[in-house]
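upload_6.pdb, holding PDB, C-alpha atoms and all ligand atoms:
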```pdb
ATOM      1  CA  MET A  22      63.783  59.368  52.690
ATOM      2  CA  PRO A  23      64.266  60.758  49.161
ATOM      3  CA  TYR A  24      61.105  62.859  49.376
ATOM      4  CA  ILE A  25      62.288  64.717  52.495
ATOM      5  CA  LYS A  26      65.772  65.080  51.018
ATOM      6  CA  GLY A  27      64.202  66.521  47.884
ATOM      7  CA  MET A  28      62.162  68.968  49.934
ATOM      8  CA  LYS A  29      65.255  70.013  51.832
ATOM      9  CA  LEU A  30      67.137  70.594  48.586
ATOM     10  CA  LEU A  31      64.232  72.555  47.180
ATOM     11  CA  ARG A  32      64.056  74.644  50.313
ATOM     12  CA  GLY A  33      67.802  75.277  50.000
ATOM     13  CA  TYR A  34      67.412  76.399  46.387
ATOM     14  CA  LEU A  35      64.500  78.601  47.348
ATOM     15  CA  ALA A  36      66.523  80.197  50.129
ATOM     16  CA  ASP A  37      69.376  80.834  47.697
ATOM     17  CA  PHE A  38      66.961  82.325  45.198
ATOM     18  CA  VAL A  39      65.372  84.595  47.804
ATOM     19  CA  SER A  40      68.796  85.736  48.976
ATOM     20  CA  LEU A  41      69.688  86.579  45.366
ATOM     21  CA  LEU A  42      66.701  88.866  45.211
ATOM     22  CA  PHE A  43      67.081  90.172  48.754
ATOM     23  CA  PRO A  44      70.682  89.647  49.806
ATOM     24  CA  GLN A  45      71.232  89.475  53.544
ATOM     25  CA  LEU A  46      73.812  91.989  54.587
ATOM     26  CA  CYS A  47      76.349  91.865  57.366
ATOM     27  CA  SER A  48      75.034  94.029  60.219
ATOM     28  CA  ALA A  49      78.485  95.482  60.830
ATOM     29  CA  CYS A  50      80.137  96.060  57.398
ATOM     30  CA  ASN A  51      77.128  95.689  55.029
ATOM     31  CA  ALA A  52      78.862  93.068  52.863
ATOM     32  CA  SER A  53      76.549  90.406  51.385
ATOM     33  CA  LEU A  54      76.336  87.351  53.592
ATOM     34  CA  VAL A  55      77.052  83.976  52.047
ATOM     35  CA  ALA A  56      75.597  80.592  53.017
ATOM     36  CA  ASN A  57      76.066  79.704  56.700
ATOM     37  CA  GLU A  58      76.783  83.301  57.632
ATOM     38  CA  HIS A  59      74.227  84.815  59.939
ATOM     39  CA  ILE A  60      74.048  88.491  60.987
ATOM     40  CA  LEU A  61      77.836  88.918  60.774
ATOM     41  CA  CYS A  62      80.140  88.027  57.872
ATOM     42  CA  SER A  63      83.086  85.795  58.732
ATOM     43  CA  ASP A  64      85.510  88.676  58.406
ATOM     44  CA  CYS A  65      83.641  90.754  61.018
ATOM     45  CA  ARG A  66      83.069  87.720  63.185
ATOM     46  CA  TYR A  67      86.822  87.353  63.612
ATOM     47  CA  ASN A  68      88.122  90.868  63.067
ATOM     48  CA  LEU A  69      85.800  93.261  64.877
ATOM     49  CA  PRO A  70      87.798  95.123  67.551
ATOM     50  CA  TYR A  71      87.604  92.647  70.441
ATOM     51  CA  THR A  72      88.847  94.129  73.724
ATOM     52  CA  ASN A  73      89.890  90.814  75.312
ATOM     53  CA  PHE A  74      89.144  92.472  78.666
ATOM     54  CA  HIS A  75      88.257  89.048  80.095
ATOM     55  CA  THR A  76      92.000  88.344  80.104
ATOM     56  CA  GLN A  77      92.881  91.744  81.644
ATOM     57  CA  PRO A  78      91.508  92.161  85.184
ATOM     58  CA  ASP A  79      92.938  95.678  85.287
ATOM     59  CA  ASN A  80      91.216  96.830  82.084
ATOM     60  CA  ILE A  81      89.977 100.349  81.425
ATOM     61  CA  VAL A  82      86.316  99.576  82.199
ATOM     62  CA  ALA A  83      87.280  98.105  85.581
ATOM     63  CA  GLN A  84      89.417 101.180  86.227
ATOM     64  CA  GLN A  85      86.405 103.446  85.720
ATOM     65  CA  PHE A  86      84.816 102.002  88.833
ATOM     66  CA  TYR A  87      87.877 102.014  91.079
ATOM     67  CA  GLY A  88      87.181 103.899  94.299
ATOM     68  CA  LYS A  89      83.486 104.216  93.439
ATOM     69  CA  ILE A  90      81.949 100.778  93.592
ATOM     70  CA  SER A  91      83.271  97.353  94.440
ATOM     71  CA  VAL A  92      83.299  95.233  91.276
ATOM     72  CA  GLU A  93      84.594  91.663  90.983
ATOM     73  CA  ALA A  94      85.307  91.989  87.263
ATOM     74  CA  ALA A  95      84.363  94.258  84.362
ATOM     75  CA  TYR A  96      84.252  93.557  80.635
ATOM     76  CA  ALA A  97      83.228  94.901  77.254
ATOM     77  CA  LEU A  98      83.089  92.756  74.124
ATOM     78  CA  TYR A  99      84.184  95.376  71.568
ATOM     79  CA  PHE A 100      85.826  98.758  71.322
ATOM     80  CA  PHE A 101      83.348 101.262  69.937
ATOM     81  CA  ASN A 102      84.825 103.656  67.391
ATOM     82  CA  LYS A 103      82.740 106.424  65.878
ATOM     83  CA  GLY A 104      81.993 105.683  62.239
ATOM     84  CA  GLY A 105      83.366 102.166  62.583
ATOM     85  CA  ASN A 106      81.747  98.783  62.054
ATOM     86  CA  VAL A 107      80.825  98.386  65.715
ATOM     87  CA  GLN A 108      78.844 101.621  65.542
ATOM     88  CA  ASN A 109      77.000 100.290  62.498
ATOM     89  CA  LEU A 110      76.326  97.040  64.317
ATOM     90  CA  MET A 111      75.022  98.848  67.407
ATOM     91  CA  HIS A 112      72.826 101.023  65.208
ATOM     92  CA  HIS A 113      71.203  97.965  63.622
ATOM     93  CA  PHE A 114      70.815  96.437  67.031
ATOM     94  CA  LYS A 115      69.214  99.466  68.598
ATOM     95  CA  TYR A 116      66.990 100.856  65.898
ATOM     96  CA  ARG A 117      65.979  97.984  63.686
ATOM     97  CA  GLY A 118      64.541  95.767  66.344
ATOM     98  CA  MET A 119      66.885  92.894  65.717
ATOM     99  CA  HIS A 120      66.661  90.652  68.759
ATOM    100  CA  GLN A 121      68.935  88.147  67.086
ATOM    101  CA  ILE A 122      71.867  90.572  67.122
ATOM    102  CA  GLY A 123      71.675  90.902  70.904
ATOM    103  CA  ASN A 124      71.470  87.175  71.299
ATOM    104  CA  LEU A 125      74.374  86.514  68.965
ATOM    105  CA  LEU A 126      76.585  89.097  70.697
ATOM    106  CA  GLY A 127      75.602  87.629  74.063
ATOM    107  CA  ASN A 128      76.635  84.191  72.817
ATOM    108  CA  ILE A 129      79.982  85.480  71.534
ATOM    109  CA  ALA A 130      80.680  87.328  74.801
ATOM    110  CA  GLY A 131      79.443  84.371  76.853
ATOM    111  CA  ARG A 132      81.890  82.034  75.134
ATOM    112  CA  GLN A 133      84.747  84.352  76.148
ATOM    113  CA  LEU A 134      83.501  84.893  79.701
ATOM    114  CA  LYS A 135      83.046  81.187  80.283
ATOM    115  CA  GLU A 136      86.842  80.892  80.187
ATOM    116  CA  ASN A 137      87.150  83.354  83.066
ATOM    117  CA  LEU A 138      86.770  81.944  86.583
ATOM    118  CA  ILE A 139      85.076  85.047  87.982
ATOM    119  CA  PHE A 140      82.500  85.486  85.225
ATOM    120  CA  ASN A 141      81.880  81.760  85.115
ATOM    121  CA  SER A 142      80.561  81.918  88.700
ATOM    122  CA  VAL A 143      77.739  84.356  87.894
ATOM    123  CA  ASP A 144      74.301  83.362  89.262
ATOM    124  CA  TYR A 145      72.071  86.116  87.880
ATOM    125  CA  ILE A 146      72.322  88.417  84.883
ATOM    126  CA  ILE A 147      70.510  91.737  85.217
ATOM    127  CA  PRO A 148      70.140  94.132  82.274
ATOM    128  CA  VAL A 149      70.069  97.865  83.000
ATOM    129  CA  PRO A 150      66.326  98.552  82.844
ATOM    130  CA  LEU A 151      64.837 100.856  80.216
ATOM    131  CA  HIS A 152      62.310 103.422  81.229
ATOM    132  CA  LYS A 153      58.785 102.020  80.761
ATOM    133  CA  LYS A 154      57.954 104.593  78.099
ATOM    134  CA  ARG A 155      61.076 103.750  76.089
ATOM    135  CA  LEU A 156      60.352 100.068  76.472
ATOM    136  CA  LYS A 157      56.887 100.641  75.026
ATOM    137  CA  GLU A 158      58.246 102.630  72.081
ATOM    138  CA  ARG A 159      60.967 100.165  71.277
ATOM    139  CA  GLY A 160      59.165  96.987  72.177
ATOM    140  CA  TYR A 161      62.169  95.415  73.852
ATOM    141  CA  ASN A 162      65.144  96.199  76.028
ATOM    142  CA  GLN A 163      68.237  95.581  73.909
ATOM    143  CA  SER A 164      70.342  94.871  76.987
ATOM    144  CA  ALA A 165      67.931  92.076  77.910
ATOM    145  CA  CYS A 166      68.542  90.438  74.504
ATOM    146  CA  PHE A 167      72.283  90.567  75.177
ATOM    147  CA  ALA A 168      71.633  89.140  78.657
ATOM    148  CA  ASP A 169      69.696  86.194  77.162
ATOM    149  CA  GLY A 170      72.605  85.322  74.882
ATOM    150  CA  LEU A 171      75.054  85.545  77.784
ATOM    151  CA  ALA A 172      72.882  83.422  80.052
ATOM    152  CA  GLU A 173      72.822  80.569  77.531
ATOM    153  CA  LYS A 174      76.600  80.274  77.637
ATOM    154  CA  LEU A 175      77.196  81.085  81.315
ATOM    155  CA  ASN A 176      74.479  78.846  82.667
ATOM    156  CA  ALA A 177      73.026  81.764  84.587
ATOM    157  CA  THR A 178      69.502  83.128  85.030
ATOM    158  CA  VAL A 179      68.341  86.429  83.567
ATOM    159  CA  GLU A 180      66.572  88.399  86.274
ATOM    160  CA  LEU A 181      64.127  90.945  84.855
ATOM    161  CA  ASP A 182      61.808  93.202  86.876
ATOM    162  CA  ASN A 183      63.971  93.151  89.984
ATOM    163  CA  LEU A 184      66.196  96.134  89.335
ATOM    164  CA  ILE A 185      63.712  98.823  88.319
ATOM    165  CA  ARG A 186      63.710 102.474  87.320
ATOM    166  CA  VAL A 187      61.633 104.779  89.468
ATOM    167  CA  VAL A 188      61.207 108.528  89.486
ATOM    168  CA  ALA A 189      62.288 110.221  92.677
ATOM    169  CA  THR A 190      59.680 112.712  93.837
ATOM    170  CA  THR A 191      60.593 113.699  97.373
ATOM    171  CA  THR A 192      60.898 117.062  99.146
ATOM    172  CA  GLN A 193      60.237 119.217  96.132
ATOM    173  CA  THR A 194      57.222 121.156  97.376
ATOM    174  CA  HIS A 195      59.095 124.422  97.824
ATOM    175  CA  LYS A 196      60.578 124.417  94.340
ATOM    176  CA  SER A 197      59.199 126.105  91.228
ATOM    177  CA  ARG A 198      57.409 123.966  88.700
ATOM    178  CA  PHE A 199      60.354 123.969  86.320
ATOM    179  CA  ALA A 200      62.880 123.173  89.023
ATOM    180  CA  ARG A 201      60.610 120.379  90.189
ATOM    181  CA  PHE A 202      60.576 118.947  86.675
ATOM    182  CA  GLU A 203      64.346 119.225  86.513
ATOM    183  CA  ASN A 204      64.614 117.448  89.799
ATOM    184  CA  MET A 205      62.485 114.471  88.722
ATOM    185  CA  GLN A 206      65.562 112.380  88.510
ATOM    186  CA  GLU A 207      65.279 108.758  87.630
ATOM    187  CA  VAL A 208      66.771 106.427  90.144
ATOM    188  CA  PHE A 209      67.051 102.688  90.419
ATOM    189  CA  THR A 210      65.793 100.406  93.102
ATOM    190  CA  VAL A 211      65.924  96.681  93.846
ATOM    191  CA  ASP A 212      62.421  95.285  94.209
ATOM    192  CA  LYS A 213      63.147  91.821  95.628
ATOM    193  CA  PRO A 214      66.553  92.090  97.349
ATOM    194  CA  GLN A 215      66.231  88.782  99.220
ATOM    195  CA  ARG A 216      66.393  86.887  95.905
ATOM    196  CA  LEU A 217      69.866  88.291  95.295
ATOM    197  CA  GLU A 218      71.373  87.879  98.769
ATOM    198  CA  GLY A 219      74.823  86.257  98.642
ATOM    199  CA  LYS A 220      74.602  85.894  94.855
ATOM    200  CA  HIS A 221      77.013  86.888  92.105
ATOM    201  CA  VAL A 222      75.185  89.296  89.803
ATOM    202  CA  LEU A 223      76.329  90.305  86.329
ATOM    203  CA  LEU A 224      74.967  93.739  85.445
ATOM    204  CA  VAL A 225      74.820  94.294  81.669
ATOM    205  CA  ASP A 226      74.327  97.249  79.365
ATOM    206  CA  ASP A 227      74.856  97.941  75.662
ATOM    207  CA  ILE A 228      77.550 100.632  75.648
ATOM    208  CA  VAL A 229      79.661 101.914  78.508
ATOM    209  CA  THR A 230      80.866 105.504  78.203
ATOM    210  CA  THR A 231      81.079 107.420  81.470
ATOM    211  CA  GLY A 232      79.701 104.485  83.426
ATOM    212  CA  SER A 233      77.332 106.683  85.428
ATOM    213  CA  THR A 234      74.190 104.607  84.743
ATOM    214  CA  LEU A 235      76.018 101.394  85.577
ATOM    215  CA  GLU A 236      77.342 103.050  88.712
ATOM    216  CA  ALA A 237      73.865 104.171  89.827
ATOM    217  CA  CYS A 238      72.523 100.626  89.312
ATOM    218  CA  SER A 239      75.522  99.098  91.063
ATOM    219  CA  ILE A 240      75.122 101.263  94.164
ATOM    220  CA  GLU A 241      71.584  99.928  94.626
ATOM    221  CA  LEU A 242      72.538  96.315  93.926
ATOM    222  CA  LEU A 243      75.476  96.463  96.332
ATOM    223  CA  LYS A 244      73.104  97.363  99.180
ATOM    224  CA  VAL A 245      71.916  93.741  99.053
ATOM    225  CA  PRO A 246      73.745  91.748 101.765
ATOM    226  CA  GLY A 247      76.527  89.520 100.433
ATOM    227  CA  LEU A 248      75.920  90.425  96.793
ATOM    228  CA  LYS A 249      78.960  90.240  94.518
ATOM    229  CA  LEU A 250      78.839  92.338  91.375
ATOM    230  CA  SER A 251      80.437  92.118  87.944
ATOM    231  CA  ILE A 252      79.764  94.200  84.852
ATOM    232  CA  ALA A 253      79.622  93.350  81.138
ATOM    233  CA  THR A 254      78.749  95.516  78.147
ATOM    234  CA  ILE A 255      78.714  94.996  74.387
ATOM    235  CA  ALA A 256      80.974  97.946  73.663
ATOM    236  CA  TYR A 257      83.297 100.360  75.346
ATOM    237  CA  ALA A 258      83.301 103.815  73.768
ATOM    238  CA  VAL A 259      86.870 105.014  73.323
TER     239      VAL A 259
HETATM  240 ZN    ZN B 301      80.965  92.149  57.977
END
```

Take the structure I supplied and represent it as structure tokens, if you would.
Amino acid sequence: MPYIKGMKLLRGYLADFVSLLFPQLCSACNASLVANEHILCSDCRYNLPYTNFHTQPDNIVAQQFYGKISVEAAYALYFFNKGGNVQNLMHHFKYRGMHQIGNLLGNIAGRQLKENLIFNSVDYIIPVPLHKKRLKERGYNQSACFADGLAEKLNATVELDNLIRVVATTTQTHKSRFARFENMQEVFTVDKPQRLEGKHVLLVDDIVTTGSTLEACSIELLKVPGLKLSIATIAYAV
């Protein structure tokens, strides 16, 4: 159909013209993207600091949880270096509302994890929940976007609204108002534990530093009978 072909060509020219006026930039290194590049330039796509933790069961993220929680496997896609391209990428991801970045990174990580027998057996993917107020401000949970991208490649189901953040408000009556406020610690709870019984759950977050949030979530998840837990994040902060 010459007409459709012509339209396609025209649309291609138009896209080129628009990108001349408003060049799309790589979300990691800010270089101009060329045709067929999307979000990341080819150089970043191949040369960002991949951890390859999926090939190292004893990696540094896994080590963080030794003796604290029982984890089948732990992984981070990239090393996070201050001032580096991964920081720039995470900044775009977090503050510019780019859902596509989370999805793309989830796809890239998912392709790696698919090669690993443990990660390939994941049933559910659960993002660390944002506080409701933050979710409202930001409009989306960035870890959930990463989870979606992972789920596509791992053939797993993203489970939202099961692991939830609650505010603990018990036995504080004798404390001063300020101390009470200080003590309003956020904790996590599993809303529908029976759905996760005997399942392999992949808990995901954007950046792992001390691992304390992941640990708090894991403790709750591991109370579910027969649940096996693995952890994946986009970056590990060195
Ligand atoms: Zn780049």

Each residue of region 57-87 of chain A with at least one atom at most 12 Å from region 112-128 of chain A should appear once, together with its nearest atom pair and the corresponding distance in Å (one decimal); atoms considered: all atoms listed in the file; ordering: chain, then increasing residue number; output as a tab-separated table.
```
residue	atom	partner	partner_atom	distance
A:His59	CA	A:Leu125	CA	9.2
A:Ile60	CA	A:Ile122	CA	6.8
A:Leu61	CA	A:Ile122	CA	8.9
A:Arg66	CA	A:Leu126	CA	10.0
A:Leu69	CA	A:Leu126	CA	11.7
A:Tyr71	CA	A:Leu126	CA	11.6
```

*asked:* Neighbouring residues of Lys103 (chain A) were defined as those with any atom within 10 Å, considering all atoms listed in the file; residues of the same chain fewer than 5 positions away were excluded. Please report them as a PyMOL selection string.
replied: chain A and resi 108-109+258-259

*Selection: 9 Å around Asn176 (chain A), all atoms listed in the file, excl. self and same-chain fewer than 5 positions, as a PyMOL selection string*: chain A and resi 141+143-144+171

Could you list the residues chosen by the PyMOL selection byres (((chain A and resi 62) around 12) and not hetatm) in this structure as a compact mmCIF listing (two decimals) with C-alpha atoms, keeping the file's coordinate frame?
```txt
# COMPACT_ATOMS: atom_id res chain seq x y z
CA GLN A 45 71.23 89.48 53.54
CA LEU A 46 73.81 91.99 54.59
CA CYS A 47 76.35 91.86 57.37
CA SER A 48 75.03 94.03 60.22
CA ALA A 49 78.48 95.48 60.83
CA CYS A 50 80.14 96.06 57.40
CA ASN A 51 77.13 95.69 55.03
CA ALA A 52 78.86 93.07 52.86
CA SER A 53 76.55 90.41 51.38
CA LEU A 54 76.34 87.35 53.59
CA VAL A 55 77.05 83.98 52.05
CA ALA A 56 75.60 80.59 53.02
CA ASN A 57 76.07 79.70 56.70
CA GLU A 58 76.78 83.30 57.63
CA HIS A 59 74.23 84.82 59.94
CA ILE A 60 74.05 88.49 60.99
CA LEU A 61 77.84 88.92 60.77
CA SER A 63 83.09 85.80 58.73
CA ASP A 64 85.51 88.68 58.41
CA CYS A 65 83.64 90.75 61.02
CA ARG A 66 83.07 87.72 63.18
CA TYR A 67 86.82 87.35 63.61
CA ASN A 68 88.12 90.87 63.07
CA LEU A 69 85.80 93.26 64.88
CA ASN A 106 81.75 98.78 62.05
CA LEU A 110 76.33 97.04 64.32
```

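Taking CA of Leu243 (chain A) and CA of Arg186 (chain A) as endpoints, the distance between them is 16.0 Å.
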
*the PyMOL selection byres (((chain A and resi 244) around 12) and not hetatm) on the file shown: which residues, as a ChimeraX atom specification?*
/A:90-91,209-215,217-219,237-243,245-250

*If I put a ball of radius 12 Å at (81.6, 96.1, 75.1) in the file's coordinates, which residues poke into it when counting all atoms listed in the file, written as an MDAnalysis selection string?*
chainID A and resid 69:75 80:82 95:102 107:108 111 123 126:127 129:130 164 167 225:230 232 252:259

*asked:* Using only C-alpha atoms, can you tell me which of A:Val208, A:Cys166, A:Leu30, A:Val187 comes closest to Lys154 (chain A)?
replied: A:Val187

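Residue nearest ligand ZN 301 (chain B), chosen from A:Gly131, A:Gly105, A:Leu184, A:His152 and counting all atoms listed in the file: A:Gly105.
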
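The spacing separating CA of His221 (chain A) from CA of Ala177 (chain A) amounts to 9.9 Å.
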
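We find CA of Ser142 (chain A) and CA of Ser251 (chain A) to be spaced 10.2 Å apart.
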
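Restricting the calculation to only C-alpha atoms, the smallest distance between Pro150 (chain A) and any of A:Thr231, A:Gln85, A:Asn137, A:Gln163 is found for A:Gln163.
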
*Compare A:Thr178, A:Gln133, A:Gln84, A:Asn183 by their minimum atom-to-atom distance to Leu223 (chain A), counting all atoms listed in the file, and give me the closest one.*
A:Thr178

Model the absent atoms of region 167-187 of chain A so that N, CA, C and O atoms are present, and write the result as an mmCIF file, keeping the file's coordinate frame.
```cif
data_model
loop_
_atom_site.group_PDB
_atom_site.id
_atom_site.type_symbol
_atom_site.label_atom_id
_atom_site.label_comp_id
_atom_site.auth_asym_id
_atom_site.auth_seq_id
_atom_site.Cartn_x
_atom_site.Cartn_y
_atom_site.Cartn_z
ATOM 1 N N PHE A 167 70.868 90.900 74.945
ATOM 2 C CA PHE A 167 72.283 90.567 75.177
ATOM 3 C C PHE A 167 72.394 89.636 76.386
ATOM 4 O O PHE A 167 73.114 88.629 76.355
ATOM 5 N N ALA A 168 71.624 89.959 77.433
ATOM 6 C CA ALA A 168 71.633 89.140 78.657
ATOM 7 C C ALA A 168 71.195 87.701 78.364
ATOM 8 O O ALA A 168 71.787 86.747 78.879
ATOM 9 N N ASP A 169 70.175 87.544 77.522
ATOM 10 C CA ASP A 169 69.696 86.194 77.162
ATOM 11 C C ASP A 169 70.804 85.378 76.511
ATOM 12 O O ASP A 169 70.995 84.208 76.830
ATOM 13 N N GLY A 170 71.509 86.005 75.579
ATOM 14 C CA GLY A 170 72.605 85.322 74.882
ATOM 15 C C GLY A 170 73.726 84.937 75.838
ATOM 16 O O GLY A 170 74.294 83.849 75.738
ATOM 17 N N LEU A 171 74.027 85.826 76.779
ATOM 18 C CA LEU A 171 75.054 85.545 77.784
ATOM 19 C C LEU A 171 74.644 84.382 78.681
ATOM 20 O O LEU A 171 75.433 83.484 78.977
ATOM 21 N N ALA A 172 73.390 84.419 79.106
ATOM 22 C CA ALA A 172 72.882 83.422 80.052
ATOM 23 C C ALA A 172 72.988 82.011 79.489
ATOM 24 O O ALA A 172 73.308 81.059 80.207
ATOM 25 N N GLU A 173 72.737 81.894 78.169
ATOM 26 C CA GLU A 173 72.822 80.569 77.531
ATOM 27 C C GLU A 173 74.206 79.963 77.715
ATOM 28 O O GLU A 173 74.349 78.768 77.945
ATOM 29 N N LYS A 174 75.228 80.790 77.574
ATOM 30 C CA LYS A 174 76.600 80.274 77.637
ATOM 31 C C LYS A 174 77.125 80.177 79.065
ATOM 32 O O LYS A 174 77.971 79.346 79.363
ATOM 33 N N LEU A 175 76.649 81.049 79.951
ATOM 34 C CA LEU A 175 77.196 81.085 81.315
ATOM 35 C C LEU A 175 76.378 80.245 82.293
ATOM 36 O O LEU A 175 76.693 80.199 83.482
ATOM 37 N N ASN A 176 75.310 79.651 81.789
ATOM 38 C CA ASN A 176 74.479 78.846 82.667
ATOM 39 C C ASN A 176 73.936 79.657 83.833
ATOM 40 O O ASN A 176 73.927 79.192 84.980
ATOM 41 N N ALA A 177 73.542 80.869 83.547
ATOM 42 C CA ALA A 177 73.026 81.764 84.587
ATOM 43 C C ALA A 177 71.575 82.118 84.264
ATOM 44 O O ALA A 177 71.076 81.783 83.197
ATOM 45 N N THR A 178 70.916 82.774 85.205
ATOM 46 C CA THR A 178 69.502 83.128 85.030
ATOM 47 C C THR A 178 69.373 84.634 84.806
ATOM 48 O O THR A 178 69.970 85.420 85.540
ATOM 49 N N VAL A 179 68.601 85.002 83.789
ATOM 50 C CA VAL A 179 68.341 86.429 83.567
ATOM 51 C C VAL A 179 67.237 86.873 84.525
ATOM 52 O O VAL A 179 66.185 86.257 84.591
ATOM 53 N N GLU A 180 67.526 87.901 85.288
ATOM 54 C CA GLU A 180 66.572 88.399 86.274
ATOM 55 C C GLU A 180 66.017 89.744 85.792
ATOM 56 O O GLU A 180 66.702 90.763 85.828
ATOM 57 N N LEU A 181 64.771 89.707 85.297
ATOM 58 C CA LEU A 181 64.127 90.945 84.855
ATOM 59 C C LEU A 181 63.208 91.422 85.977
ATOM 60 O O LEU A 181 62.867 90.659 86.877
ATOM 61 N N ASP A 182 62.805 92.657 85.933
ATOM 62 C CA ASP A 182 61.808 93.202 86.876
ATOM 63 C C ASP A 182 62.236 93.164 88.333
ATOM 64 O O ASP A 182 61.390 93.178 89.221
ATOM 65 N N ASN A 183 63.533 93.050 88.589
ATOM 66 C CA ASN A 183 63.971 93.151 89.984
ATOM 67 C C ASN A 183 64.671 94.497 90.195
ATOM 68 O O ASN A 183 64.307 95.254 91.096
ATOM 69 N N LEU A 184 65.620 94.789 89.341
ATOM 70 C CA LEU A 184 66.196 96.134 89.335
ATOM 71 C C LEU A 184 65.265 96.984 88.483
ATOM 72 O O LEU A 184 65.044 96.685 87.313
ATOM 73 N N ILE A 185 64.682 98.029 89.088
ATOM 74 C CA ILE A 185 63.712 98.823 88.319
ATOM 75 C C ILE A 185 64.038 100.315 88.378
ATOM 76 O O ILE A 185 64.702 100.773 89.306
ATOM 77 N N ARG A 186 63.554 101.022 87.352
ATOM 78 C CA ARG A 186 63.710 102.474 87.320
ATOM 79 C C ARG A 186 62.510 103.111 87.975
ATOM 80 O O ARG A 186 61.367 102.775 87.660
ATOM 81 N N VAL A 187 62.745 104.025 88.872
ATOM 82 C CA VAL A 187 61.633 104.779 89.468
ATOM 83 C C VAL A 187 61.979 106.259 89.360
ATOM 84 O O VAL A 187 63.117 106.627 89.137
#
```
